[in-house]
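target.pdb (PDB, C-alpha atoms) appears below.
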ATOM      1  CA  MET A   1     -13.775  -3.724  23.674
ATOM      2  CA  THR A   2     -10.136  -3.570  24.732
ATOM      3  CA  THR A   3      -9.526  -4.890  28.240
ATOM      4  CA  GLN A   4      -7.135  -3.532  30.864
ATOM      5  CA  ALA A   5      -4.856  -6.525  30.269
ATOM      6  CA  ASP A   6      -4.821  -5.899  26.530
ATOM      7  CA  ALA A   7      -3.911  -2.245  27.043
ATOM      8  CA  ALA A   8      -1.140  -3.148  29.473
ATOM      9  CA  SER A   9       0.361  -5.629  27.016
ATOM     10  CA  GLY A  10       0.226  -3.166  24.132
ATOM     11  CA  VAL A  11      -1.765  -5.621  22.016
ATOM     12  CA  HIS A  12      -5.453  -5.442  21.302
ATOM     13  CA  PRO A  13      -6.994  -8.699  20.047
ATOM     14  CA  GLU A  14      -8.885  -7.508  16.967
ATOM     15  CA  PRO A  15      -8.525  -4.288  14.955
ATOM     16  CA  THR A  16     -11.697  -2.237  14.854
ATOM     17  CA  ALA A  17     -13.286  -1.950  11.421
ATOM     18  CA  LEU A  18     -14.754   1.435  12.340
ATOM     19  CA  ALA A  19     -13.420   4.207  14.539
ATOM     20  CA  ASP A  20     -14.674   4.207  18.115
ATOM     21  CA  TRP A  21     -12.396   6.931  19.477
ATOM     22  CA  SER A  22     -13.719  10.301  20.650
ATOM     23  CA  PRO A  23     -11.722  13.363  21.724
ATOM     24  CA  TYR A  24     -14.380  14.105  24.336
ATOM     25  CA  ALA A  25     -14.030  10.993  26.504
ATOM     26  CA  THR A  26     -11.075   8.915  27.670
ATOM     27  CA  ARG A  27     -11.767   5.219  28.319
ATOM     28  CA  ALA A  28      -9.742   3.719  31.125
ATOM     29  CA  GLY A  29      -7.484   0.929  29.871
ATOM     30  CA  ASN A  30      -8.230   1.575  26.200
ATOM     31  CA  PHE A  31      -5.139   1.099  24.034
ATOM     32  CA  PHE A  32      -5.800   3.844  21.501
ATOM     33  CA  ASP A  33      -6.974   6.389  24.066
ATOM     34  CA  ALA A  34      -3.700   5.917  25.955
ATOM     35  CA  LEU A  35      -1.690   6.119  22.722
ATOM     36  CA  TYR A  36      -3.419   9.364  21.721
ATOM     37  CA  VAL A  37      -2.609  10.996  25.056
ATOM     38  CA  GLN A  38       0.989   9.780  24.759
ATOM     39  CA  ILE A  39       1.719  11.131  21.261
ATOM     40  CA  ARG A  40      -0.566  14.184  21.121
ATOM     41  CA  PRO A  41       2.308  16.504  22.174
ATOM     42  CA  GLU A  42       4.429  15.125  19.335
ATOM     43  CA  CYS A  43       1.526  15.623  16.914
ATOM     44  CA  ASP A  44       1.217  19.260  18.027
ATOM     45  CA  ALA A  45       4.952  19.740  17.525
ATOM     46  CA  ILE A  46       4.660  18.382  13.985
ATOM     47  CA  VAL A  47       1.760  20.716  13.172
ATOM     48  CA  ALA A  48       3.727  23.699  14.508
ATOM     49  CA  GLN A  49       6.417  23.126  11.873
ATOM     50  CA  TYR A  50       4.099  23.999   8.980
ATOM     51  CA  GLU A  51       2.443  27.201   7.837
ATOM     52  CA  ASP A  52      -0.504  25.129   6.582
ATOM     53  CA  SER A  53      -1.471  22.591   9.247
ATOM     54  CA  ARG A  54      -2.637  20.088   6.600
ATOM     55  CA  SER A  55       1.007  19.631   5.619
ATOM     56  CA  ALA A  56       1.357  17.703   8.876
ATOM     57  CA  LEU A  57      -1.026  14.969   7.693
ATOM     58  CA  LEU A  58       1.588  12.599   6.269
ATOM     59  CA  PRO A  59       4.103  12.952   9.132
ATOM     60  CA  MET A  60       1.329  12.303  11.645
ATOM     61  CA  ALA A  61       0.140   9.243   9.720
ATOM     62  CA  HIS A  62       3.717   7.928   9.842
ATOM     63  CA  LEU A  63       3.802   8.633  13.586
ATOM     64  CA  PHE A  64       0.620   6.693  14.309
ATOM     65  CA  GLN A  65       1.786   3.834  12.095
ATOM     66  CA  GLU A  66       5.104   3.767  13.930
ATOM     67  CA  HIS A  67       3.249   3.192  17.202
ATOM     68  CA  GLU A  68       0.365   0.999  15.999
ATOM     69  CA  GLY A  69       1.953  -0.825  13.083
ATOM     70  CA  TYR A  70      -0.729   0.508  10.754
ATOM     71  CA  VAL A  71      -2.948   3.593  10.362
ATOM     72  CA  SER A  72      -6.093   2.481  12.143
ATOM     73  CA  PRO A  73      -9.582   3.941  11.684
ATOM     74  CA  ASN A  74      -9.125   5.600  15.077
ATOM     75  CA  ALA A  75      -5.858   7.156  13.915
ATOM     76  CA  ILE A  76      -7.578   8.556  10.830
ATOM     77  CA  VAL A  77     -10.270  10.184  12.974
ATOM     78  CA  ALA A  78      -7.704  11.493  15.453
ATOM     79  CA  ILE A  79      -5.579  13.054  12.723
ATOM     80  CA  ALA A  80      -8.693  14.642  11.225
ATOM     81  CA  TYR A  81      -9.621  16.065  14.630
ATOM     82  CA  ILE A  82      -6.164  17.552  15.205
ATOM     83  CA  LEU A  83      -6.087  19.117  11.726
ATOM     84  CA  ALA A  84      -9.773  20.165  11.779
ATOM     85  CA  VAL A  85     -10.508  18.434   8.467
ATOM     86  CA  PRO A  86     -13.097  15.762   7.568
ATOM     87  CA  PRO A  87     -11.930  12.170   8.170
ATOM     88  CA  ALA A  88     -12.500  11.552   4.440
ATOM     89  CA  VAL A  89      -9.615  13.931   3.675
ATOM     90  CA  VAL A  90      -7.262  11.902   5.850
ATOM     91  CA  GLU A  91      -8.488   8.540   4.585
ATOM     92  CA  SER A  92      -8.225   9.554   0.930
ATOM     93  CA  THR A  93      -4.645  10.682   1.503
ATOM     94  CA  VAL A  94      -3.573   7.632   3.503
ATOM     95  CA  SER A  95      -5.214   5.259   1.011
ATOM     96  CA  PHE A  96      -3.271   6.865  -1.845
ATOM     97  CA  TYR A  97       0.159   5.924  -0.495
ATOM     98  CA  THR A  98       1.235   2.279  -0.439
ATOM     99  CA  LEU A  99       3.619   2.979   2.451
ATOM    100  CA  PHE A 100       0.635   3.249   4.782
ATOM    101  CA  TYR A 101      -1.297   0.175   5.895
ATOM    102  CA  ARG A 102      -4.918   0.484   6.989
ATOM    103  CA  LYS A 103      -4.960  -2.993   8.484
ATOM    104  CA  PRO A 104      -2.371  -4.759  10.657
ATOM    105  CA  VAL A 105       0.509  -6.335   8.752
ATOM    106  CA  GLY A 106       3.391  -8.676   9.550
ATOM    107  CA  LYS A 107       6.446  -7.692  11.534
ATOM    108  CA  TYR A 108       8.466  -7.771   8.316
ATOM    109  CA  MET A 109       7.025  -6.205   5.180
ATOM    110  CA  LEU A 110       8.690  -7.793   2.145
ATOM    111  CA  GLN A 111       8.236  -5.701  -1.001
ATOM    112  CA  VAL A 112       9.806  -7.096  -4.169
ATOM    113  CA  CYS A 113      10.137  -4.857  -7.221
ATOM    114  CA  ARG A 114       8.335  -6.149 -10.324
ATOM    115  CA  ASN A 115       9.279  -3.355 -12.717
ATOM    116  CA  LEU A 116      11.130  -3.669 -16.019
ATOM    117  CA  SER A 117      14.789  -3.794 -14.948
ATOM    118  CA  CYS A 118      14.037  -6.248 -12.176
ATOM    119  CA  ILE A 119      11.896  -8.448 -14.430
ATOM    120  CA  ILE A 120      14.668  -8.563 -17.038
ATOM    121  CA  ASN A 121      17.105  -9.649 -14.315
ATOM    122  CA  GLY A 122      14.992 -12.452 -12.890
ATOM    123  CA  ALA A 123      12.446 -10.861 -10.561
ATOM    124  CA  GLU A 124       9.669 -13.196 -11.731
ATOM    125  CA  GLU A 125      11.678 -16.182 -10.508
ATOM    126  CA  ILE A 126      12.460 -14.413  -7.218
ATOM    127  CA  MET A 127       8.813 -13.501  -6.655
ATOM    128  CA  ALA A 128       7.706 -17.067  -7.340
ATOM    129  CA  TYR A 129      10.372 -18.287  -4.905
ATOM    130  CA  PHE A 130       9.171 -15.911  -2.179
ATOM    131  CA  ARG A 131       5.572 -17.059  -2.651
ATOM    132  CA  GLU A 132       6.683 -20.686  -2.422
ATOM    133  CA  LYS A 133       8.875 -20.211   0.655
ATOM    134  CA  LEU A 134       6.372 -18.038   2.525
ATOM    135  CA  GLY A 135       3.172 -19.813   1.539
ATOM    136  CA  ALA A 136       1.748 -16.339   0.941
ATOM    137  CA  ALA A 137       0.730 -14.550  -2.238
ATOM    138  CA  HIS A 138       0.796 -10.867  -3.183
ATOM    139  CA  LEU A 139      -0.819  -8.730  -0.428
ATOM    140  CA  GLU A 140      -0.941 -11.644   1.998
ATOM    141  CA  THR A 141       0.485 -12.238   5.473
ATOM    142  CA  THR A 142       1.870 -15.527   6.730
ATOM    143  CA  ALA A 143      -0.148 -17.480   9.283
ATOM    144  CA  ASP A 144       2.346 -16.721  12.069
ATOM    145  CA  GLY A 145       2.044 -12.970  11.447
ATOM    146  CA  LEU A 146       5.771 -12.625  10.812
ATOM    147  CA  PHE A 147       5.828 -11.739   7.099
ATOM    148  CA  SER A 148       3.652  -9.657   4.809
ATOM    149  CA  TYR A 149       4.445  -9.973   1.110
ATOM    150  CA  GLU A 150       3.853  -7.487  -1.707
ATOM    151  CA  GLU A 151       5.012  -7.113  -5.308
ATOM    152  CA  VAL A 152       5.556  -3.422  -5.955
ATOM    153  CA  GLU A 153       6.334  -0.988  -8.730
ATOM    154  CA  CYS A 154       9.780   0.510  -9.398
ATOM    155  CA  LEU A 155      11.946   1.017  -6.306
ATOM    156  CA  ALA A 156      14.456   3.122  -8.279
ATOM    157  CA  ALA A 157      17.426   0.797  -7.784
ATOM    158  CA  CYS A 158      17.592  -0.508 -11.343
ATOM    159  CA  ASP A 159      21.386  -0.843 -11.311
ATOM    160  CA  ARG A 160      21.108  -3.495  -8.567
ATOM    161  CA  ALA A 161      18.159  -5.448  -9.937
ATOM    162  CA  PRO A 162      16.371  -7.476  -8.821
ATOM    163  CA  CYS A 163      15.830  -5.557  -5.612
ATOM    164  CA  MET A 164      13.386  -5.278  -2.734
ATOM    165  CA  GLN A 165      12.662  -3.440   0.474
ATOM    166  CA  ILE A 166      12.234  -4.978   3.919
ATOM    167  CA  ASN A 167      10.506  -2.549   6.268
ATOM    168  CA  LEU A 168      11.607   0.098   3.735
ATOM    169  CA  GLU A 169      15.296  -0.900   3.920
ATOM    170  CA  PHE A 170      16.821  -1.721   0.507
ATOM    171  CA  PHE A 171      18.269  -5.109  -0.458
ATOM    172  CA  TYR A 172      19.863  -5.689  -3.851
ATOM    173  CA  ASP A 173      21.033  -8.350  -6.317
ATOM    174  CA  LEU A 174      18.506 -10.896  -5.100
ATOM    175  CA  THR A 175      19.107 -14.608  -5.617
ATOM    176  CA  LYS A 176      17.399 -17.682  -4.236
ATOM    177  CA  GLU A 177      20.402 -18.195  -1.974
ATOM    178  CA  ASN A 178      20.328 -14.769  -0.353
ATOM    179  CA  VAL A 179      16.541 -14.973  -0.056
ATOM    180  CA  ASP A 180      17.010 -18.176   1.949
ATOM    181  CA  ASP A 181      19.630 -16.487   4.143
ATOM    182  CA  MET A 182      17.378 -13.470   4.666
ATOM    183  CA  LEU A 183      14.330 -15.480   5.718
ATOM    184  CA  ALA A 184      16.414 -17.695   8.006
ATOM    185  CA  ALA A 185      17.948 -14.666   9.736
ATOM    186  CA  ILE A 186      14.546 -13.057  10.270
ATOM    187  CA  ARG A 187      13.100 -16.256  11.699
ATOM    188  CA  GLY A 188      16.186 -16.697  13.875
ATOM    189  CA  GLY A 189      16.041 -13.164  15.260
ATOM    190  CA  THR A 190      19.439 -12.171  13.892
ATOM    191  CA  PHE A 191      18.358  -9.988  10.955
ATOM    192  CA  GLY A 192      19.703  -6.447  10.875
ATOM    193  CA  VAL A 193      16.360  -4.723  10.264
ATOM    194  CA  LYS A 194      14.104  -3.819  13.170
ATOM    195  CA  PRO A 195      10.649  -5.476  13.083
ATOM    196  CA  LEU A 196       7.530  -3.361  12.711
ATOM    197  CA  VAL A 197       5.405  -2.716  15.773
ATOM    198  CA  GLN A 198       2.469  -5.114  15.881
ATOM    199  CA  THR A 199      -0.322  -4.006  18.225
ATOM    200  CA  ALA A 200      -3.020  -6.186  16.643
ATOM    201  CA  PRO A 201      -2.848  -9.630  15.027
ATOM    202  CA  PRO A 202      -2.813  -9.376  11.219
ATOM    203  CA  GLN A 203      -5.371 -11.112   9.073
ATOM    204  CA  ARG A 204      -4.499 -13.063   5.936
ATOM    205  CA  THR A 205      -4.626  -9.906   3.821
ATOM    206  CA  TRP A 206      -4.471  -6.202   4.562
ATOM    207  CA  LYS A 207      -6.754  -5.278   1.668
ATOM    208  CA  VAL A 208      -9.572  -2.919   2.626
ATOM    209  CA  ALA A 209     -13.018  -3.871   1.326
ATOM    210  CA  GLN A 210     -13.815  -0.570  -0.383
ATOM    211  CA  ASP A 211     -10.576  -0.799  -2.373
ATOM    212  CA  THR A 212     -11.672  -4.021  -4.074
ATOM    213  CA  GLY A 213     -15.406  -3.356  -4.476
ATOM    214  CA  ARG A 214     -17.366  -1.575  -7.207
ATOM    215  CA  LYS A 215     -15.267   0.453  -9.636
ATOM    216  CA  SER A 216     -15.923   3.555 -11.677
ATOM    217  CA  SER A 217     -16.875   3.075 -15.324
ATOM    218  CA  GLY A 218     -13.242   3.309 -16.441
ATOM    219  CA  GLY A 219     -12.380   0.292 -14.320
ATOM    220  CA  VAL A 220     -15.269  -1.920 -15.409
ATOM    221  CA  GLY A 221     -14.663  -4.783 -17.817
ATOM    222  CA  VAL A 222     -10.878  -4.881 -17.477
ATOM    223  CA  SER A 223      -9.077  -7.892 -16.041
ATOM    224  CA  ASN A 224      -7.722  -6.131 -12.958
ATOM    225  CA  PRO A 225      -8.656  -2.487 -12.298
ATOM    226  CA  ASN A 226      -5.995  -2.276  -9.567
ATOM    227  CA  ASN A 227      -3.198  -3.252 -11.952
ATOM    228  CA  ALA A 228      -1.609  -0.405 -13.896
ATOM    229  CA  GLY A 229      -0.821  -2.788 -16.757
ATOM    230  CA  GLY A 230       2.412  -3.511 -18.541
ATOM    231  CA  ILE A 231       3.804  -5.835 -21.188
ATOM    232  CA  GLY A 232       0.973  -7.820 -22.760
ATOM    233  CA  ASP A 233      -1.790  -5.568 -21.394
ATOM    234  CA  ALA A 234      -3.719  -4.201 -24.370
ATOM    235  CA  THR A 235      -6.242  -2.171 -22.346
ATOM    236  CA  GLY A 236      -4.689   1.184 -23.250
ATOM    237  CA  VAL A 237      -4.438   0.299 -26.934
ATOM    238  CA  ILE A 238      -8.069  -0.790 -27.012
ATOM    239  CA  MET A 239      -9.021   2.556 -25.491
ATOM    240  CA  LEU A 240      -6.982   4.384 -28.149
ATOM    241  CA  ASP A 241      -8.709   2.455 -30.941
ATOM    242  CA  ARG A 242     -12.099   3.423 -29.570
ATOM    243  CA  PHE A 243     -11.010   7.038 -29.282
ATOM    244  CA  VAL A 244      -9.906   7.107 -32.925
ATOM    245  CA  ALA A 245     -12.921   5.251 -34.313
ATOM    246  CA  ASP A 246     -15.695   7.088 -32.456
ATOM    247  CA  PRO A 247     -16.459  10.513 -34.014
ATOM    248  CA  ALA A 248     -18.044  11.655 -30.766
ATOM    249  CA  TYR A 249     -14.607  11.518 -29.156
ATOM    250  CA  GLY A 250     -12.639  12.635 -32.183
ATOM    251  CA  GLN A 251     -14.577  15.879 -32.650
ATOM    252  CA  ARG A 252     -13.600  17.015 -29.171
ATOM    253  CA  SER A 253      -9.908  16.216 -29.550
ATOM    254  CA  ARG A 254      -6.931  17.986 -31.039
ATOM    255  CA  GLU A 255      -5.016  14.702 -31.203
ATOM    256  CA  ARG A 256      -3.505  14.310 -34.721
ATOM    257  CA  LEU A 257      -4.480  10.677 -34.856
ATOM    258  CA  THR A 258      -8.171  11.585 -34.846
ATOM    259  CA  HIS A 259      -7.972  14.081 -37.711
ATOM    260  CA  GLU A 260      -5.265  12.872 -40.070
ATOM    261  CA  LYS A 261      -6.834   9.865 -41.733
ATOM    262  CA  HIS A 262      -3.598   8.444 -43.107
ATOM    263  CA  LEU A 263      -2.495   7.837 -39.522
ATOM    264  CA  HIS A 264      -5.493   5.636 -38.724
ATOM    265  CA  PRO A 265      -4.800   1.943 -38.090
ATOM    266  CA  ASP A 266      -5.676  -0.573 -40.770
ATOM    267  CA  SER A 267      -8.997  -2.115 -39.760
ATOM    268  CA  ALA A 268      -8.163  -5.209 -41.822
ATOM    269  CA  THR A 269      -5.414  -6.022 -39.315
ATOM    270  CA  ASN A 270      -7.694  -5.333 -36.364
ATOM    271  CA  GLY A 271      -6.309  -1.861 -35.715
ATOM    272  CA  HIS A 272      -3.541  -1.427 -33.184
ATOM    273  CA  HIS A 273      -4.276  -4.653 -31.385
TER
END
The structure given in the file should be rewritten as structure tokens.
Amino acid sequence: MTTQADAASGVHPEPTALADWSPYATRAGNFFDALYVQIRPECDAIVAQYEDSRSALLPMAHLFQEHEGYVSPNAIVAIAYILAVPPAVVESTVSFYTLFYRKPVGKYMLQVCRNLSCIINGAEEIMAYFREKLGAAHLETTADGLFSYEEVECLAACDRAPCMQINLEFFYDLTKENVDDMLAAIRGGTFGVKPLVQTAPPQRTWKVAQDTGRKSSGGVGVSNPNNAGGIGDATGVIMLDRFVADPAYGQRSRERLTHEKHLHPDSATNGHH
């Protein structure tokens, strides 16, 4: 339960795992209840901009995250209430986008690109250097709550690789030297990017349990169902071989590879892989 002192300070000690907010009762001194009353007019103004009120979902999620530092379970329920949709609709949307955090994160979100152009230009070395300097791995937050670190897919700045974002601001041409300068400036309070709001202390990781639990059949038996793959990942090729070799799949497909036998891989060389 959030105390009056917690609400006054703008920090509540532990994020709630489940929503405990209700539109039908306001709890004196409760942080989220006060926040909801504060930003509800802005939420209504956002909704009024759209012919379909559900189009306001993403802007409202950004608004709550701007004030809380993450999209809390209470925020998800509140957005659902305002839009008159099930909370599952809001959660499924928020969980789709990596720019939303469903647990508290550090004041500075460091997101280093790991895509092809950046990898070719030394991103692997930069990522390893970040992990060493921070003492935090991918999807982890430092013990002091200052930094959260993530290795992300293409940031669309390939001409300035390797690149990254800090609280969504771009930084280019990364080297160990400018990484050192960047971290020192953030720690010294002189960095030019505004810190994220932090209304609850972050845990070591901002992973959500249901995102790392049981997977659908397509994600079972692969090394990392959350990883889209890349160089050296033969998962997609293995799937293609099965598709070609199994008549039950081939009969339902118009793919040339399943019907033109001369295109089939040589089984003596273990097919495609």
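Interatomic distance, atom CA of Cys163 of chain A against atom CA of Cys118 of chain A: 6.8 Å.
Atom CA of Pro59 of chain A lies 9.1 Å from atom CA of Val47 of chain A.
Of the listed residues (A:His62, A:Arg114, A:Lys194, A:Arg54), A:His62 comes nearest to Val94 of chain A; the distances count all atoms listed in the file.
When the PyMOL selection byres ((chain A and resi 83-88) around 10) is evaluated against the file, it yields Cys43, Asp44, Val47, Asp52, Ser53, Arg54, Ser55, Ala56, Leu57, Pro73, Asn74, Ala75, Ile76, Val77, Ala78, Ile79, Ala80, Tyr81, Ile82, Val89, Val90, Glu91, Ser92, Thr93 and Val94 of chain A.
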*Can you pull out every residue within 10 Å of Leu63 of chain A, counting only C-alpha atoms, but drop anything in the same chain fewer than 5 positions away, and send it as a list in words?*
Ile39, Glu42, Cys43, Ile46, Leu57, Leu58, Glu68, Gly69, Tyr70, Val71 and Ala75 of chain A
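Protein and nucleic acid residues near (8.7, -8.3, 2.6) are Tyr108, Met109, Leu110, Gln111, Val112, Phe147, Ser148, Tyr149, Glu150, Met164, Gln165, Ile166 and Asn167 of chain A, the criterion being any atom at most 8 Å away using all atoms listed in the file.
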Create the file for the chosen residues now, containing C-alpha atoms and written as a CSV table (one decimal), in the coordinates of the input.
chain,number,residue,atom,x,y,z
A,108,TYR,CA,8.5,-7.8,8.3
A,109,MET,CA,7.0,-6.2,5.2
A,110,LEU,CA,8.7,-7.8,2.1
A,111,GLN,CA,8.2,-5.7,-1.0
A,112,VAL,CA,9.8,-7.1,-4.2
A,147,PHE,CA,5.8,-11.7,7.1
A,148,SER,CA,3.7,-9.7,4.8
A,149,TYR,CA,4.4,-10.0,1.1
A,150,GLU,CA,3.9,-7.5,-1.7
A,164,MET,CA,13.4,-5.3,-2.7
A,165,GLN,CA,12.7,-3.4,0.5
A,166,ILE,CA,12.2,-5.0,3.9
A,167,ASN,CA,10.5,-2.5,6.3
*Could you tell me which residues the PyMOL selection byres ((chain A and resi 126-135) around 9) grabs in this file, written as an MDAnalysis selection string?*
chainID A and resid 112:114 122:125 136:138 141:143 147 149 151 162 174:176 179:180 183
*Given the file shown, enumerate the residues that the PyMOL selection byres ((chain A and resi 20) around 10) captures and present them as an MDAnalysis selection string.*
chainID A and resid 1 16:19 21:22 32:33 73:74 77
Please save C-alpha atoms of the selected residues as a short mmCIF file (atom, residue, chain, number, x, y, z; two decimals), in the frame of the given file.
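selection05.cif, written as the output of this step:
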data_model
loop_
_atom_site.label_atom_id
_atom_site.label_comp_id
_atom_site.auth_asym_id
_atom_site.auth_seq_id
_atom_site.Cartn_x
_atom_site.Cartn_y
_atom_site.Cartn_z
CA MET A 1 -13.78 -3.72 23.67
CA THR A 16 -11.70 -2.24 14.85
CA ALA A 17 -13.29 -1.95 11.42
CA LEU A 18 -14.75 1.44 12.34
CA ALA A 19 -13.42 4.21 14.54
CA TRP A 21 -12.40 6.93 19.48
CA SER A 22 -13.72 10.30 20.65
CA PHE A 32 -5.80 3.84 21.50
CA ASP A 33 -6.97 6.39 24.07
CA PRO A 73 -9.58 3.94 11.68
CA ASN A 74 -9.12 5.60 15.08
CA VAL A 77 -10.27 10.18 12.97
#
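In this structure, atom CA of Ala48 of chain A sits 27.8 Å away from atom CA of Arg27 of chain A.
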*Using all atoms listed in the file, which of the listed residues (A:Val105, A:Ala45, A:Ala34, A:Ala156) sits closest to Thr199 of chain A?*
A:Val105
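In this comparison, which uses all atoms listed in the file, the residue of A:Tyr50, A:Phe170, A:Phe96, A:Tyr24 approaching Gly192 of chain A most closely is A:Phe170.
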_Which of A:Tyr97, A:Phe64, A:Phe31, A:Phe171 sits closest to Val193 of chain A [using only C-alpha atoms]_ = A:Phe171
*Counting all atoms listed in the file, note down every residue that has an atom within 10 Å of the point (4.9, -1.5, 18.2) (file coordinates), as a PyMOL selection string.*
chain A and resi 10-11+65-70+107+195-200
